[in-house]
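Okay, run_24.cif is below, mmCIF, C-alpha atoms:
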```cif
data_protein
#
loop_
_atom_site.group_PDB
_atom_site.id
_atom_site.type_symbol
_atom_site.label_atom_id
_atom_site.label_comp_id
_atom_site.auth_asym_id
_atom_site.auth_seq_id
_atom_site.Cartn_x
_atom_site.Cartn_y
_atom_site.Cartn_z
ATOM 1 C CA SER A 19 138.813 67.048 134.270
ATOM 2 C CA TYR A 20 137.815 66.409 130.671
ATOM 3 C CA PHE A 21 134.751 68.620 131.151
ATOM 4 C CA ALA A 22 136.937 71.656 131.786
ATOM 5 C CA ILE A 23 137.601 72.049 128.061
ATOM 6 C CA LEU A 24 133.886 72.256 127.189
ATOM 7 C CA PRO A 25 132.338 75.733 126.870
ATOM 8 C CA ASP A 26 129.980 76.949 129.611
ATOM 9 C CA SER A 27 127.299 78.094 127.145
ATOM 10 C CA GLU A 28 125.735 76.488 124.095
ATOM 11 C CA ILE A 29 127.503 77.113 120.786
ATOM 12 C CA ASN A 30 125.323 79.102 118.332
ATOM 13 C CA LEU A 31 124.935 77.244 115.074
ATOM 14 C CA GLY A 32 124.475 79.271 111.909
ATOM 15 C CA LEU A 33 122.302 78.560 108.881
ATOM 16 C CA ASP A 34 124.970 76.330 107.320
ATOM 17 C CA LEU A 35 124.874 73.874 110.251
ATOM 18 C CA ARG A 36 121.413 74.318 111.643
ATOM 19 C CA GLY A 37 119.325 75.261 108.608
ATOM 20 C CA GLY A 38 116.639 77.915 108.667
ATOM 21 C CA LEU A 39 115.545 80.946 106.678
ATOM 22 C CA TYR A 40 117.648 83.406 104.657
ATOM 23 C CA LEU A 41 115.966 86.471 103.154
ATOM 24 C CA GLU A 42 117.187 89.443 101.158
ATOM 25 C CA LEU A 43 114.818 92.404 101.289
ATOM 26 C CA SER A 44 114.774 95.549 99.168
ATOM 27 C CA VAL A 45 113.683 98.796 100.849
ATOM 28 C CA ASP A 46 111.776 101.173 98.557
ATOM 29 C CA ILE A 47 113.671 104.292 99.602
ATOM 30 C CA GLN A 48 112.496 106.353 96.639
ATOM 31 C CA GLU A 49 108.853 105.744 97.492
ATOM 32 C CA ALA A 50 109.513 106.930 101.041
ATOM 33 C CA ILE A 51 111.275 110.065 99.745
ATOM 34 C CA LYS A 52 108.361 110.670 97.382
ATOM 35 C CA HIS A 53 106.029 110.549 100.367
ATOM 36 C CA GLN A 54 108.171 113.086 102.258
ATOM 37 C CA SER A 55 108.253 115.370 99.200
ATOM 38 C CA SER A 56 104.476 115.154 98.961
ATOM 39 C CA LEU A 57 104.286 116.306 102.581
ATOM 40 C CA LEU A 58 106.653 119.176 101.728
ATOM 41 C CA LYS A 59 104.302 120.266 98.930
ATOM 42 C CA SER A 60 101.252 120.012 101.195
ATOM 43 C CA ASN A 61 102.990 122.007 103.901
ATOM 44 C CA LEU A 62 103.934 124.728 101.420
ATOM 45 C CA ALA A 63 100.340 124.878 100.131
ATOM 46 C CA ARG A 64 99.092 125.333 103.692
ATOM 47 C CA ILE A 65 101.598 128.115 104.364
ATOM 48 C CA ILE A 66 100.634 129.957 101.174
ATOM 49 C CA THR A 67 96.914 129.611 101.948
ATOM 50 C CA LYS A 68 97.474 131.228 105.356
ATOM 51 C CA SER A 69 99.647 134.035 103.930
ATOM 52 C CA ASP A 70 98.563 137.659 103.807
ATOM 53 C CA ALA A 71 96.376 138.414 100.776
ATOM 54 C CA GLU A 72 98.513 141.498 100.058
ATOM 55 C CA SER A 73 101.530 139.252 99.414
ATOM 56 C CA GLY A 74 99.975 138.205 96.098
ATOM 57 C CA LEU A 75 100.811 134.537 96.684
ATOM 58 C CA GLN A 76 97.254 133.216 96.753
ATOM 59 C CA LYS A 77 97.311 132.413 93.011
ATOM 60 C CA THR A 78 100.557 130.410 93.277
ATOM 61 C CA THR A 79 100.335 126.861 91.892
ATOM 62 C CA LEU A 80 102.395 123.870 93.016
ATOM 63 C CA GLN A 81 103.337 120.630 91.280
ATOM 64 C CA LEU A 82 105.480 117.687 92.402
ATOM 65 C CA THR A 83 108.031 116.711 89.744
ATOM 66 C CA GLU A 84 109.466 113.268 88.967
ATOM 67 C CA SER A 85 112.703 114.310 90.686
ATOM 68 C CA GLN A 86 110.684 114.857 93.904
ATOM 69 C CA ALA A 87 111.029 118.655 93.770
ATOM 70 C CA VAL A 88 108.149 121.101 94.166
ATOM 71 C CA GLN A 89 107.654 123.175 91.013
ATOM 72 C CA ILE A 90 106.253 126.606 91.920
ATOM 73 C CA THR A 91 104.489 128.864 89.429
ATOM 74 C CA LEU A 92 103.943 132.456 90.547
ATOM 75 C CA ASP A 93 101.323 134.881 89.285
ATOM 76 C CA ASP A 94 103.992 137.598 89.194
ATOM 77 C CA ALA A 95 107.787 137.325 89.167
ATOM 78 C CA ASN A 96 107.934 140.057 91.833
ATOM 79 C CA HIS A 97 106.265 137.640 94.253
ATOM 80 C CA PHE A 98 109.385 135.475 94.493
ATOM 81 C CA LEU A 99 110.996 137.454 97.312
ATOM 82 C CA PRO A 100 107.848 137.417 99.491
ATOM 83 C CA LEU A 101 107.559 133.692 98.779
ATOM 84 C CA SER A 102 111.202 133.103 99.697
ATOM 85 C CA ASP A 103 110.808 134.996 102.970
ATOM 86 C CA LEU A 104 107.629 133.054 103.774
ATOM 87 C CA ILE A 105 109.193 129.648 103.076
ATOM 88 C CA TYR A 106 112.409 130.192 105.015
ATOM 89 C CA LYS A 107 110.530 131.782 107.914
ATOM 90 C CA ASN A 108 108.238 128.746 108.277
ATOM 91 C CA MET A 109 110.500 125.907 107.095
ATOM 92 C CA GLY A 110 113.995 127.133 107.875
ATOM 93 C CA ARG A 111 117.035 126.823 105.599
ATOM 94 C CA GLU A 112 118.758 123.727 106.992
ATOM 95 C CA ASN A 113 117.160 121.015 104.829
ATOM 96 C CA ILE A 114 115.635 122.774 101.805
ATOM 97 C CA THR A 115 116.729 125.006 98.969
ATOM 98 C CA LEU A 116 114.661 127.421 96.869
ATOM 99 C CA ALA A 117 115.787 128.638 93.445
ATOM 100 C CA GLN A 118 114.173 130.970 90.935
ATOM 101 C CA ASN A 119 114.267 129.915 87.281
ATOM 102 C CA SER A 120 116.511 132.382 85.427
ATOM 103 C CA SER A 121 114.798 131.736 82.093
ATOM 104 C CA ASP A 122 111.311 132.044 83.606
ATOM 105 C CA PRO A 123 111.275 134.333 86.680
ATOM 106 C CA LYS A 124 107.684 133.353 87.451
ATOM 107 C CA SER A 125 108.861 129.785 88.069
ATOM 108 C CA ALA A 126 110.810 128.467 91.073
ATOM 109 C CA THR A 127 111.862 125.103 92.498
ATOM 110 C CA LEU A 128 111.790 123.962 96.110
ATOM 111 C CA GLN A 129 113.716 120.785 96.883
ATOM 112 C CA TRP A 130 115.633 118.881 99.553
ATOM 113 C CA LYS A 131 119.338 119.565 99.972
ATOM 114 C CA GLU A 132 121.616 116.697 98.906
ATOM 115 C CA ALA A 133 123.036 116.270 102.397
ATOM 116 C CA TYR A 134 119.534 115.948 103.840
ATOM 117 C CA LEU A 135 118.527 113.451 101.141
ATOM 118 C CA LYS A 136 121.454 111.207 102.103
ATOM 119 C CA GLN A 137 120.521 111.547 105.755
ATOM 120 C CA MET A 138 116.912 110.712 104.898
ATOM 121 C CA GLU A 139 117.941 107.590 102.954
ATOM 122 C CA SER A 140 120.069 106.386 105.884
ATOM 123 C CA THR A 141 117.206 107.030 108.322
ATOM 124 C CA ILE A 142 114.676 105.198 106.133
ATOM 125 C CA LEU A 143 116.955 102.148 105.879
ATOM 126 C CA GLU A 144 117.568 102.159 109.638
ATOM 127 C CA GLN A 145 113.834 102.425 110.338
ATOM 128 C CA ALA A 146 113.126 99.538 107.959
ATOM 129 C CA SER A 147 115.786 97.432 109.679
ATOM 130 C CA ASN A 148 114.291 98.161 113.103
ATOM 131 C CA ALA A 149 110.772 97.408 111.847
ATOM 132 C CA VAL A 150 111.856 94.004 110.495
ATOM 133 C CA ARG A 151 113.725 93.205 113.707
ATOM 134 C CA ASN A 152 110.692 94.119 115.834
ATOM 135 C CA ARG A 153 108.462 91.862 113.724
ATOM 136 C CA ILE A 154 110.864 88.950 114.104
ATOM 137 C CA ASP A 155 111.112 89.462 117.869
ATOM 138 C CA ARG A 156 107.380 88.796 118.125
ATOM 139 C CA PHE A 157 108.072 85.176 117.151
ATOM 140 C CA GLY A 158 110.749 84.756 119.819
ATOM 141 C CA VAL A 159 113.285 83.455 117.284
ATOM 142 C CA ALA A 160 116.661 82.937 118.964
ATOM 143 C CA GLU A 161 119.834 84.141 117.213
ATOM 144 C CA ALA A 162 117.897 86.070 114.577
ATOM 145 C CA SER A 163 120.040 88.458 112.534
ATOM 146 C CA VAL A 164 119.084 91.557 110.518
ATOM 147 C CA SER A 165 121.929 93.317 108.727
ATOM 148 C CA LYS A 166 122.458 95.830 105.914
ATOM 149 C CA LEU A 167 123.766 94.333 102.704
ATOM 150 C CA GLY A 168 124.531 97.643 101.009
ATOM 151 C CA GLY A 169 122.536 100.153 99.050
ATOM 152 C CA ASN A 170 118.884 99.622 99.903
ATOM 153 C CA ARG A 171 119.022 95.929 100.828
ATOM 154 C CA LEU A 172 118.642 94.066 104.111
ATOM 155 C CA VAL A 173 119.603 90.481 104.958
ATOM 156 C CA VAL A 174 117.506 88.487 107.430
ATOM 157 C CA GLU A 175 118.853 85.199 108.855
ATOM 158 C CA LEU A 176 116.643 83.015 111.065
ATOM 159 C CA PRO A 177 118.338 79.756 112.110
ATOM 160 C CA GLY A 178 116.216 76.761 112.993
ATOM 161 C CA ILE A 179 112.957 77.927 111.395
ATOM 162 C CA LYS A 180 110.898 74.919 110.323
ATOM 163 C CA ASN A 181 107.796 76.632 108.937
ATOM 164 C CA PRO A 182 108.917 79.933 107.392
ATOM 165 C CA ASP A 183 105.738 80.911 105.501
ATOM 166 C CA GLY A 184 104.200 82.887 108.376
ATOM 167 C CA ILE A 185 107.382 84.774 109.143
ATOM 168 C CA ILE A 186 107.994 85.615 105.474
ATOM 169 C CA ASP A 187 104.503 87.108 105.236
ATOM 170 C CA ILE A 188 105.029 89.247 108.355
ATOM 171 C CA VAL A 189 108.544 90.381 107.427
ATOM 172 C CA ARG A 190 107.628 91.395 103.888
ATOM 173 C CA ARG A 191 104.497 93.274 104.914
ATOM 174 C CA THR A 192 104.604 96.932 103.910
ATOM 175 C CA GLY A 193 104.728 99.426 106.736
ATOM 176 C CA LYS A 194 103.612 103.006 106.144
ATOM 177 C CA LEU A 195 102.624 105.897 108.357
ATOM 178 C CA GLU A 196 100.076 108.126 106.659
ATOM 179 C CA PHE A 197 99.776 111.871 107.287
ATOM 180 C CA ARG A 198 96.610 113.699 106.318
ATOM 181 C CA MET A 199 96.185 117.455 106.200
ATOM 182 C CA VAL A 200 93.524 119.131 108.312
ATOM 183 C CA ASP A 201 90.822 121.027 106.423
ATOM 184 C CA GLN A 202 92.048 124.625 106.620
ATOM 185 C CA SER A 203 89.001 126.104 104.875
ATOM 186 C CA LYS A 204 86.827 126.150 108.025
ATOM 187 C CA THR A 205 86.726 129.310 110.152
ATOM 188 C CA THR A 206 86.988 129.244 113.942
ATOM 189 C CA GLU A 207 83.266 129.996 114.219
ATOM 190 C CA GLU A 208 82.371 127.138 111.836
ATOM 191 C CA LEU A 209 84.565 124.708 113.774
ATOM 192 C CA ALA A 210 82.957 125.770 117.054
ATOM 193 C CA ALA A 211 79.506 125.196 115.550
ATOM 194 C CA LEU A 212 80.522 121.722 114.312
ATOM 195 C CA VAL A 213 81.872 120.801 117.755
ATOM 196 C CA ALA A 214 78.713 122.070 119.455
ATOM 197 C CA THR A 215 76.508 120.072 117.086
ATOM 198 C CA LYS A 216 78.512 116.885 117.648
ATOM 199 C CA LYS A 217 78.466 117.368 121.427
ATOM 200 C CA ALA A 218 74.694 117.798 121.288
ATOM 201 C CA ASP A 219 74.318 114.645 119.178
ATOM 202 C CA LEU A 220 76.415 112.671 121.670
ATOM 203 C CA LYS A 221 74.733 114.377 124.656
ATOM 204 C CA ILE A 222 78.036 115.638 126.046
ATOM 205 C CA GLU A 223 77.725 118.342 128.697
ATOM 206 C CA ASN A 224 79.685 121.559 128.277
ATOM 207 C CA GLU A 225 81.464 121.003 131.572
ATOM 208 C CA TYR A 226 82.166 117.901 133.577
ATOM 209 C CA GLU A 227 80.297 117.662 136.857
ATOM 210 C CA LYS A 228 82.634 117.094 139.773
ATOM 211 C CA LYS A 229 81.534 114.276 142.045
ATOM 212 C CA SER A 230 83.261 112.934 145.120
ATOM 213 C CA LEU A 231 83.974 109.243 145.228
ATOM 214 C CA LYS A 232 82.951 107.478 148.436
#
```

I need this file expressed as structure tokens, please.
Amino acid sequence: SYFAILPDSEINLGLDLRGGLYLELSVDIQEAIKHQSSLLKSNLARIITKSDAESGLQKTTLQLTESQAVQITLDDANHFLPLSDLIYKNMGRENITLAQNSSDPKSATLQWKEAYLKQMESTILEQASNAVRNRIDRFGVAEASVSKLGGNRLVVELPGIKNPDGIIDIVRRTGKLEFRMVDQSKTTEELAALVATKKADLKIENEYEKKSLK
């Protein structure tokens, strides 16, 4: 039979035969790393604030540098060892490194290890690729392709798209997850008072009344 030589399934036609949309996207990896470094600084500030007053670390100042490292300025050079113990106890040693400035012992630098930075870059690119793919899937586009071009670039191919404006807007939309620090200045008693006041305003009972459903 002549039909025996025909394939059972439809042949997928690429952009060259079918037309469609071709996009090259650049992922802002450095901005994402900057955000992670900002979280590192905020986490360190929280740890220092909660440290024992006798450690002498309360007057420590922190600044994020252009190289995405945390510049630490101590009130006393002798506070470096207590600081080092505090950081590694709370943050571990796997992904960060802490170094004291030999020319200025009251200064130290906390930064990501190179191996972790490379891992972070790979993770950010993979997350961006997945985010773009999930956005495309919402349109039900058949044979859509999202691939890594190299470096920080992604290639998106959408065969058969007739009106690409909507998809371009969705695909290029910035995605960001924001983290905000909790106010650590409130005591337990102050927090309890705030909760009690809010519960009174909303007329929420202290305990739920158990009722049987019939």

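Reported to one decimal place, the separation of CA of Asn113 (chain A) from CA of Ala133 (chain A) is 7.9 Å.
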
For this session: Would you mind reading off the distance between CA of Val150 (chain A) and CA of Lys131 (chain A), one decimal, in Å?
Result: 28.6 Å

Give me, as a PDB file with C-alpha atoms, in the coordinates of the input, all polymer residues having an atom no more than 8 Å from region 92-100 of chain A, counting all atoms listed in the file and skipping those fewer than 2 positions away in the same chain.
```
ATOM      1  CA  SER A  73     101.530 139.252  99.414  1.00  0.00           C
ATOM      2  CA  GLY A  74      99.975 138.205  96.098  1.00  0.00           C
ATOM      3  CA  LEU A  75     100.811 134.537  96.684  1.00  0.00           C
ATOM      4  CA  LYS A  77      97.311 132.413  93.011  1.00  0.00           C
ATOM      5  CA  THR A  78     100.557 130.410  93.277  1.00  0.00           C
ATOM      6  CA  THR A  79     100.335 126.861  91.892  1.00  0.00           C
ATOM      7  CA  ILE A  90     106.253 126.606  91.920  1.00  0.00           C
ATOM      8  CA  SER A 102     111.202 133.103  99.697  1.00  0.00           C
ATOM      9  CA  ASP A 103     110.808 134.996 102.970  1.00  0.00           C
ATOM     10  CA  LEU A 104     107.629 133.054 103.774  1.00  0.00           C
ATOM     11  CA  GLN A 118     114.173 130.970  90.935  1.00  0.00           C
ATOM     12  CA  PRO A 123     111.275 134.333  86.680  1.00  0.00           C
ATOM     13  CA  LYS A 124     107.684 133.353  87.451  1.00  0.00           C
ATOM     14  CA  SER A 125     108.861 129.785  88.069  1.00  0.00           C
ATOM     15  CA  ALA A 126     110.810 128.467  91.073  1.00  0.00           C
TER      16      ALA A 126
END
```

Would you place a box with edges along x, y and z of the file around all atoms of region 181-187 of chain A listed there, add 5 Å to each of its six sides, and report the centre and edge lengths in Å to one decimal, as JSON?
```
{"center_x": 106.6, "center_y": 81.9, "center_z": 107.2, "size_x": 14.7, "size_y": 20.5, "size_z": 13.9}
```

For this session: State, in Å with one decimal place, the distance from CA of Val88 (chain A) to CA of Arg171 (chain A).
Result: 28.2 Å

Problem set entry | Ala162 (chain A) environment, 9 Å, only C-alpha atoms, sequence neighbours closer than 4 positions dropped, as number ranges by chain | A: 151, 154-155, 158, 174-177
